[in-house]
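Reproduced below: query-v8.cif, with mmCIF, C-alpha atoms.
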data_entry
#
loop_
_atom_site.label_atom_id
_atom_site.label_comp_id
_atom_site.auth_asym_id
_atom_site.auth_seq_id
_atom_site.Cartn_x
_atom_site.Cartn_y
_atom_site.Cartn_z
CA MET C 1138 4.82 -17.80 10.83
CA LYS C 1139 6.97 -17.08 13.89
CA TYR C 1140 9.21 -14.07 13.53
CA GLU C 1141 11.88 -12.97 15.99
CA ILE C 1142 15.13 -11.06 15.97
CA THR C 1143 18.15 -13.33 16.35
CA GLY C 1144 21.91 -13.01 16.57
CA THR C 1145 22.08 -13.37 12.79
CA THR C 1146 19.28 -10.94 11.87
CA LYS C 1147 20.24 -8.67 8.97
CA LEU C 1148 19.53 -4.96 9.35
CA THR C 1149 17.82 -2.76 6.76
CA ALA C 1150 16.54 0.74 7.40
CA LEU C 1151 14.98 4.01 6.31
CA LEU C 1152 16.92 7.25 6.72
CA GLY C 1153 15.28 10.66 6.41
CA SER C 1154 13.47 13.38 8.28
CA PRO C 1155 10.68 13.14 9.22
CA VAL C 1156 10.21 9.35 9.21
CA SER C 1157 7.80 8.79 12.09
CA HIS C 1158 4.83 8.75 9.69
CA SER C 1159 6.35 6.15 7.36
CA ILE C 1160 4.67 2.78 6.84
CA SER C 1161 7.82 1.35 5.25
CA PRO C 1162 8.81 -0.46 8.48
CA GLN C 1163 5.44 -2.21 8.64
CA MET C 1164 5.42 -3.33 5.02
CA HIS C 1165 9.03 -4.54 4.99
CA ASN C 1166 8.90 -6.30 8.36
CA GLU C 1167 5.61 -7.99 7.49
CA SER C 1168 7.11 -9.14 4.19
CA PHE C 1169 10.16 -10.54 6.00
CA ARG C 1170 7.80 -12.37 8.38
CA LEU C 1171 5.63 -13.79 5.61
CA LEU C 1172 8.65 -15.11 3.71
CA GLY C 1173 10.51 -16.33 6.78
CA LEU C 1174 13.49 -14.05 6.16
CA ASP C 1175 15.86 -13.19 9.01
CA TYR C 1176 15.81 -9.42 8.40
CA VAL C 1177 14.53 -6.38 10.27
CA TYR C 1178 13.73 -2.87 8.97
CA LEU C 1179 13.98 0.20 11.21
CA ALA C 1180 13.42 3.92 10.65
CA PHE C 1181 16.01 6.51 11.74
CA ASP C 1182 15.32 10.25 11.78
CA ILE C 1183 18.47 11.61 10.14
CA LYS C 1184 19.03 15.18 8.96
CA PRO C 1185 21.50 16.08 6.18
CA GLU C 1186 24.19 17.28 8.59
CA GLN C 1187 24.02 13.92 10.42
CA LEU C 1188 24.13 11.73 7.34
CA ARG C 1189 27.88 11.14 7.04
CA LYS C 1190 28.19 9.83 10.60
CA ALA C 1191 24.98 7.81 10.28
CA VAL C 1192 26.13 6.08 7.09
CA SER C 1193 29.56 5.37 8.56
CA GLY C 1194 28.03 3.88 11.70
CA LEU C 1195 25.52 1.72 9.85
CA LYS C 1196 28.19 0.47 7.46
CA THR C 1197 30.44 -0.42 10.39
CA ALA C 1198 27.52 -2.21 12.06
CA GLY C 1199 27.10 -4.39 8.94
CA ILE C 1200 23.82 -3.07 7.55
CA SER C 1201 22.60 -4.95 4.44
CA GLY C 1202 20.99 -1.94 2.81
CA PHE C 1203 18.83 1.10 3.40
CA ASN C 1204 16.33 3.48 1.88
CA LEU C 1205 16.58 7.27 1.71
CA THR C 1206 13.59 9.58 1.88
CA MET C 1207 13.29 13.37 1.94
CA PRO C 1208 15.57 15.26 2.21
CA LEU C 1209 18.50 12.84 1.79
CA LYS C 1210 18.19 11.41 -1.75
CA VAL C 1211 20.77 13.80 -3.15
CA HIS C 1212 22.80 14.34 0.04
CA ILE C 1213 23.72 10.62 0.07
CA LEU C 1214 25.65 10.80 -3.22
CA PRO C 1215 29.11 11.77 -1.83
CA TYR C 1216 29.10 8.73 0.49
CA LEU C 1217 28.46 6.08 -2.18
CA ASP C 1218 31.02 3.94 -4.02
CA GLU C 1219 28.93 3.26 -7.12
CA LEU C 1220 25.70 4.28 -8.86
CA THR C 1221 23.47 2.29 -11.19
CA PRO C 1222 22.97 3.89 -14.64
CA ALA C 1223 19.45 5.09 -13.74
CA ALA C 1224 20.62 6.54 -10.42
CA SER C 1225 23.51 8.27 -12.16
CA LEU C 1226 21.16 9.77 -14.71
CA ALA C 1227 18.68 10.86 -12.03
CA GLY C 1228 21.37 12.23 -9.74
CA ALA C 1229 19.45 10.83 -6.78
CA VAL C 1230 19.33 7.61 -4.77
CA ASN C 1231 16.57 6.12 -2.66
CA THR C 1232 17.97 2.60 -2.18
CA VAL C 1233 21.45 1.53 -1.14
CA ILE C 1234 22.81 -2.02 -1.23
CA VAL C 1235 25.94 -2.95 0.69
CA GLN C 1236 28.06 -5.46 -1.23
CA ASP C 1237 31.49 -6.49 0.02
CA GLY C 1238 31.71 -3.31 2.05
CA ARG C 1239 30.84 -1.08 -0.94
CA LEU C 1240 27.76 1.16 -0.99
CA ILE C 1241 25.87 0.91 -4.28
CA GLY C 1242 23.18 3.49 -4.98
CA HIS C 1243 19.98 2.61 -6.83
CA THR C 1244 16.83 4.52 -7.64
CA THR C 1245 13.54 2.64 -7.43
CA ASP C 1246 11.30 5.72 -7.07
CA GLY C 1247 10.75 6.08 -10.82
CA VAL C 1248 9.97 2.40 -11.30
CA GLY C 1249 7.57 2.55 -8.36
CA TYR C 1250 5.89 5.68 -9.70
CA MET C 1251 5.36 4.37 -13.23
CA ARG C 1252 3.98 1.11 -11.88
CA SER C 1253 1.60 3.09 -9.65
CA VAL C 1254 0.30 4.97 -12.72
CA SER C 1255 -0.54 1.66 -14.41
CA ASP C 1256 -1.95 0.30 -11.17
CA ALA C 1257 -4.32 3.29 -11.01
CA GLY C 1258 -5.58 2.36 -14.49
CA PHE C 1259 -3.85 4.98 -16.64
CA ASP C 1260 -1.62 4.80 -19.70
CA ILE C 1261 0.62 7.85 -20.19
CA ILE C 1262 3.10 6.35 -22.65
CA GLY C 1263 3.43 8.60 -25.70
CA LYS C 1264 1.75 11.46 -23.82
CA LYS C 1265 2.87 14.64 -22.05
CA MET C 1266 3.56 15.06 -18.32
CA THR C 1267 3.73 18.22 -16.24
CA LEU C 1268 6.05 17.48 -13.31
CA LEU C 1269 6.25 19.77 -10.28
CA GLY C 1270 9.54 19.69 -8.39
CA ALA C 1271 13.15 18.85 -9.11
CA GLY C 1272 14.25 16.97 -5.99
CA GLY C 1273 15.32 13.35 -5.74
CA ALA C 1274 11.88 11.85 -6.32
CA ALA C 1275 11.12 14.23 -9.19
CA THR C 1276 14.35 13.48 -11.05
CA ALA C 1277 13.82 9.73 -10.61
CA ILE C 1278 10.27 10.03 -11.98
CA CYS C 1279 11.51 12.16 -14.88
CA VAL C 1280 14.18 9.61 -15.82
CA GLN C 1281 11.91 6.57 -15.64
CA ALA C 1282 9.02 8.28 -17.45
CA ALA C 1283 11.41 9.27 -20.24
CA LEU C 1284 12.90 5.76 -20.41
CA ASP C 1285 9.41 4.21 -20.51
CA GLY C 1286 8.28 6.37 -23.42
CA VAL C 1287 6.44 9.44 -22.10
CA SER C 1288 6.71 11.78 -25.10
CA SER C 1289 7.46 15.06 -23.31
CA ILE C 1290 7.95 16.34 -19.78
CA ASP C 1291 7.71 19.90 -18.49
CA MET C 1292 9.59 20.05 -15.17
CA PHE C 1293 8.73 23.05 -13.00
CA LYS C 1294 10.88 24.34 -10.15
CA ARG C 1295 11.80 27.55 -8.38
CA LYS C 1296 14.30 29.73 -10.19
CA ASN C 1297 17.03 29.53 -7.56
CA ALA C 1298 20.69 28.57 -7.15
CA THR C 1299 20.14 25.01 -8.45
CA TRP C 1300 18.47 26.12 -11.69
CA ASP C 1301 21.50 25.64 -13.95
CA LYS C 1302 22.25 22.22 -12.46
CA THR C 1303 18.66 21.10 -13.06
CA ALA C 1304 18.73 22.50 -16.61
CA ALA C 1305 21.83 20.40 -17.30
CA PHE C 1306 20.03 17.35 -15.90
CA CYS C 1307 17.05 17.92 -18.22
CA GLU C 1308 19.32 18.27 -21.24
CA ARG C 1309 21.21 15.09 -20.34
CA VAL C 1310 18.07 12.98 -19.88
CA ALA C 1311 16.54 14.36 -23.07
CA SER C 1312 19.71 13.55 -25.00
CA GLU C 1313 19.94 9.99 -23.68
CA THR C 1314 16.25 9.08 -23.94
CA GLY C 1315 14.87 11.12 -26.85
CA CYS C 1316 12.14 12.56 -24.62
CA ASN C 1317 11.38 16.26 -25.04
CA ILE C 1318 12.13 17.78 -21.61
CA ARG C 1319 11.83 21.44 -20.64
CA LEU C 1320 12.71 23.15 -17.37
CA LEU C 1321 10.28 25.96 -16.50
CA ASP C 1322 9.76 28.44 -13.67
CA ILE C 1323 7.09 27.23 -11.23
CA GLY C 1324 6.48 30.85 -10.29
CA ASP C 1325 5.17 31.64 -13.78
CA ASN C 1326 1.44 30.86 -13.64
CA SER C 1327 0.97 31.47 -17.35
CA LEU C 1328 3.61 28.90 -18.32
CA LEU C 1329 2.26 26.46 -15.77
CA GLY C 1330 -1.30 26.80 -17.04
CA ASP C 1331 -0.24 26.32 -20.67
CA SER C 1332 1.76 23.22 -19.78
CA ILE C 1333 -1.03 21.63 -17.78
CA SER C 1334 -3.58 22.31 -20.53
CA GLY C 1335 -1.51 20.25 -22.97
CA SER C 1336 -0.69 17.41 -20.59
CA ALA C 1337 -2.29 14.05 -19.92
CA ILE C 1338 -1.01 14.01 -16.33
CA LEU C 1339 0.05 16.51 -13.66
CA THR C 1340 2.43 15.06 -11.07
CA ASN C 1341 3.27 16.82 -7.82
CA ALA C 1342 6.70 15.62 -6.72
CA THR C 1343 7.23 18.45 -4.22
CA SER C 1344 6.57 18.26 -0.48
CA VAL C 1345 3.89 20.98 -0.70
CA GLY C 1346 0.78 19.60 0.95
CA MET C 1347 2.54 17.06 3.17
CA GLU C 1348 1.78 16.86 6.89
CA PRO C 1349 2.09 18.90 9.01
CA LYS C 1350 1.48 21.62 6.37
CA SER C 1351 -1.40 19.89 4.63
CA ASP C 1352 -3.32 23.13 4.00
CA ALA C 1353 -1.07 24.05 1.06
CA SER C 1354 -1.24 23.24 -2.65
CA PRO C 1355 1.38 23.72 -5.37
CA ILE C 1356 -1.40 24.90 -7.70
CA LEU C 1357 -2.48 28.43 -6.84
CA ASP C 1358 -5.25 28.51 -9.46
CA PRO C 1359 -7.47 25.37 -9.39
CA TYR C 1360 -9.01 26.41 -12.73
CA MET C 1361 -5.82 25.10 -14.37
CA LEU C 1362 -7.12 21.62 -13.55
CA ALA C 1363 -9.39 20.84 -16.48
CA GLU C 1364 -11.82 17.94 -16.32
CA GLY C 1365 -10.16 14.70 -17.45
CA LEU C 1366 -6.62 15.71 -16.48
CA ILE C 1367 -4.98 12.94 -14.44
CA VAL C 1368 -3.67 14.43 -11.21
CA SER C 1369 -1.05 12.54 -9.24
CA ASP C 1370 0.48 13.49 -5.90
CA ILE C 1371 3.42 11.45 -4.60
CA ILE C 1372 2.52 12.51 -1.04
CA TYR C 1373 0.66 9.84 0.95
CA ASN C 1374 0.31 11.63 4.30
CA PRO C 1375 -2.35 12.93 4.21
CA ARG C 1376 -3.87 10.42 1.82
CA GLU C 1377 -5.92 13.19 0.21
CA THR C 1378 -3.87 16.36 -0.22
CA LEU C 1379 -5.36 19.77 -0.92
CA LEU C 1380 -4.24 19.36 -4.54
CA MET C 1381 -6.24 16.13 -4.80
CA LYS C 1382 -9.29 17.81 -3.28
CA GLN C 1383 -8.97 20.62 -5.84
CA ALA C 1384 -8.64 18.04 -8.61
CA LYS C 1385 -11.73 16.10 -7.56
CA GLU C 1386 -13.78 19.30 -7.40
CA ARG C 1387 -12.72 19.97 -11.01
CA GLY C 1388 -13.68 16.48 -12.20
CA CYS C 1389 -10.12 15.14 -12.49
CA PRO C 1390 -9.22 11.53 -11.76
CA CYS C 1391 -6.43 11.45 -9.19
CA PHE C 1392 -4.31 9.20 -7.01
CA ASN C 1393 -1.76 9.66 -4.24
CA GLY C 1394 1.71 8.27 -3.52
CA MET C 1395 0.64 5.16 -1.62
CA TYR C 1396 1.27 2.70 -4.42
CA MET C 1397 4.45 4.46 -5.51
CA LEU C 1398 5.65 3.82 -1.95
CA LEU C 1399 4.59 0.18 -2.18
CA TYR C 1400 6.22 -0.55 -5.53
CA GLN C 1401 9.46 1.35 -4.93
CA GLY C 1402 9.71 -0.53 -1.64
CA ALA C 1403 9.06 -3.84 -3.40
CA ALA C 1404 11.90 -3.13 -5.84
CA ALA C 1405 14.27 -2.31 -2.96
CA PHE C 1406 13.15 -5.43 -1.07
CA GLU C 1407 14.01 -7.64 -4.03
CA ARG C 1408 17.46 -6.06 -4.39
CA TRP C 1409 18.26 -6.70 -0.71
CA THR C 1410 16.83 -10.21 -0.37
CA GLY C 1411 16.68 -11.68 -3.87
CA GLN C 1412 12.98 -12.46 -3.29
CA GLU C 1413 9.79 -10.74 -4.42
CA MET C 1414 7.78 -8.82 -1.87
CA PRO C 1415 4.28 -10.31 -1.47
CA THR C 1416 2.73 -7.05 -2.71
CA ASP C 1417 -0.86 -8.32 -2.96
CA ILE C 1418 -0.92 -9.16 0.74
CA ILE C 1419 0.94 -5.98 1.74
CA LYS C 1420 -1.38 -3.84 -0.40
CA GLU C 1421 -4.48 -5.32 1.23
CA LYS C 1422 -3.12 -5.00 4.77
CA TYR C 1423 -1.53 -1.53 4.67
CA PHE C 1424 -2.72 0.30 1.57
CA SER C 1425 -6.45 -0.39 1.31
#

Represent the structure from my file as structure tokens, please.
Amino acid sequence: MKYEITGTTKLTALLGSPVSHSISPQMHNESFRLLGLDYVYLAFDIKPEQLRKAVSGLKTAGISGFNLTMPLKVHILPYLDELTPAASLAGAVNTVIVQDGRLIGHTTDGVGYMRSVSDAGFDIIGKKMTLLGAGGAATAICVQAALDGVSSIDMFKRKNATWDKTAAFCERVASETGCNIRLLDIGDNSLLGDSISGSAILTNATSVGMEPKSDASPILDPYMLAEGLIVSDIIYNPRETLLMKQAKERGCPCFNGMYMLLYQGAAAFERWTGQEMPTDIIKEKYFS
């Protein structure tokens, strides 16, 4: 199908830093082409201090919607007019829709992550998760996992200035979902080891191990990774992180963030266009 930019082409985009490695432009633009939609998707390298001006400019230019990636999923909040219930609970946004000049914040990361777990062949409903990180992706995963019926979640982060805020988040999600959620210090190896030993899945939602610093792992002691533990890393560049290599050496099934990226993108695509992304074709072309 012929695809070209016209005078009526609608703009969508990815904002974050870095974004040069992202395959979101390929998967969205190919989906637009396949469905004959007059849209285009571009990637803009935007740092937190540039976000206000970037959002103002894009809104003035008539953008239809955009995605946020690291490190902007929380920084975007002051510039939005409305949040969906899940985004409000997560305190993070990865998808924005522009409706009648108003910016509405959604979170599709958690939906994408939970679908990627099922896609990888695992069922974690009614089981325990150890979740590393407390950024925008981590909070979205925590919220959706709790809503979907994961029985308990241990969230690990550094004990820094945002600790109390994250503790309040955990209490709020636990109260509203009935999931048992604890916030624990990621610097305490004993607590981390105990949590992992009782979990069905370990999920790394930090940036540790992402290019260009792919020689790092959030797990300092690989012996915490017992055989049979599901190990998930939301990083997809590199496709096999050091954590995943450690997991495979310990006999753990594992998967990366490729399909989370696909399915969160598909959810955003549907919100912008009202049509379903042709995920089977996109998966085969870009994710195989």

List the spatial neighbours of range 1260-1262 of chain C as a PDB file with C-alpha atoms, keeping the file's coordinate frame - criterion: any atom at most 10 Å away, only C-alpha atoms, same-chain residues fewer than 4 positions off excluded.
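Contents of the output file part.pdb:
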ATOM      1  CA  MET C1251       5.360   4.370 -13.230  1.00  0.00           C
ATOM      2  CA  VAL C1254       0.300   4.970 -12.720  1.00  0.00           C
ATOM      3  CA  SER C1255      -0.540   1.660 -14.410  1.00  0.00           C
ATOM      4  CA  ASP C1256      -1.950   0.300 -11.170  1.00  0.00           C
ATOM      5  CA  MET C1266       3.560  15.060 -18.320  1.00  0.00           C
ATOM      6  CA  ALA C1282       9.020   8.280 -17.450  1.00  0.00           C
ATOM      7  CA  ALA C1283      11.410   9.270 -20.240  1.00  0.00           C
ATOM      8  CA  ASP C1285       9.410   4.210 -20.510  1.00  0.00           C
ATOM      9  CA  GLY C1286       8.280   6.370 -23.420  1.00  0.00           C
ATOM     10  CA  VAL C1287       6.440   9.440 -22.100  1.00  0.00           C
ATOM     11  CA  SER C1288       6.710  11.780 -25.100  1.00  0.00           C
ATOM     12  CA  SER C1289       7.460  15.060 -23.310  1.00  0.00           C
ATOM     13  CA  SER C1336      -0.690  17.410 -20.590  1.00  0.00           C
ATOM     14  CA  ALA C1337      -2.290  14.050 -19.920  1.00  0.00           C
ATOM     15  CA  ILE C1338      -1.010  14.010 -16.330  1.00  0.00           C
ATOM     16  CA  ILE C1367      -4.980  12.940 -14.440  1.00  0.00           C
TER      17      ILE C1367
END

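Residue nearest Arg1408 in chain C within the list C:Val1233, C:Leu1339, C:Ala1223, C:Met1381: C:Val1233 [criterion: smallest interatomic distance, all atoms listed in the file].
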
Q: Return the single residue from C:Gly1202, C:Pro1375, C:Pro1162, C:Gly1330 that is closest to Leu1148 in chain C, with distances computed using all atoms listed in the file.
A: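 Answer, going by the shortest atom-to-atom distance: C:Gly1202.
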
Q: Determine the nearest neighbour of Ile1183 in chain C from the options C:Lys1420, C:His1212, C:Arg1170, C:His1165, counting all atoms listed in the file.
A: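 Smallest separation from Ile1183 in chain C among the options: C:His1212.
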
Q: Spell out the residues picked by the PyMOL selection byres ((chain C and resi 1293) around 9) here, as a list in words.
A: Thr1267, Leu1268, Leu1269, Gly1270, Ala1271, Asp1291, Met1292, Lys1294, Arg1295, Arg1319, Leu1320, Leu1321, Asp1322, Ile1323, Gly1324 and Leu1329 of chain C

Q. Taking only C-alpha atoms into account, which of C:Asn1231, C:Ser1154, C:Ser1193, C:Asn1393 comes nearest Val1368 in chain C?
A.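 Among C:Asn1231, C:Ser1154, C:Ser1193, C:Asn1393, it is C:Asn1393 that comes nearest to Val1368 in chain C.
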
(Q) One decimal, in Å: what's the spacing between CA of Gly1242 in chain C and CA of Leu1220 in chain C? (A)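 Those two atoms sit 4.7 Å apart.
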
Q) In Å, with one decimal, what is the gap from CA of Gln1401 in chain C to CA of Asp1246 in chain C? A)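 Distance reported for this atom pair: 5.2 Å.
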
Q) Could you work out how far CA of Thr1276 in chain C lies from CA of Ser1327 in chain C, giving the answer in Å with one decimal? A)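 These atoms are spaced 23.3 Å apart.
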
Box for range 1200-1219 of chain C - axis-aligned, 5 Å on each of the six sides, all listed atoms - centre and size in Å to one decimal, as JSON.
{"center_x": 22.2, "center_y": 5.2, "center_z": 0.2, "size_x": 27.7, "size_y": 30.2, "size_z": 24.7}

Q: Would you kindly return, as a PyMOL selection string, each protein, DNA or RNA residue with an atom no farther than 6 Å from any atom of range 1345-1355 of chain C, considering all atoms listed in the file and excluding same-chain residues fewer than 6 positions away?
A: chain C and resi 1374+1378-1380

**Q.** Top pick for closest residue to Gln1187 in chain C, considering C:Gly1247, C:Gly1153, C:Gly1273, C:Gly1411 and counting only C-alpha atoms
**A.**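 Of C:Gly1247, C:Gly1153, C:Gly1273, C:Gly1411, the one nearest Gln1187 in chain C is C:Gly1153, counting only C-alpha atoms.
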
Q. What lies within 10 Å of Glu1313 in chain C using only C-alpha atoms, ignoring chain neighbours under 6 positions off, as a list in words?
A.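 Listing them by chain and then by number gives Leu1226, Val1280, Ala1283 and Leu1284 of chain C.
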
(Q) Calculated over only C-alpha atoms, which of the candidates C:Ser1312, C:Tyr1178, C:Ala1150, C:Ile1241 has the smallest distance to Gln1163 in chain C? (A) C:Tyr1178
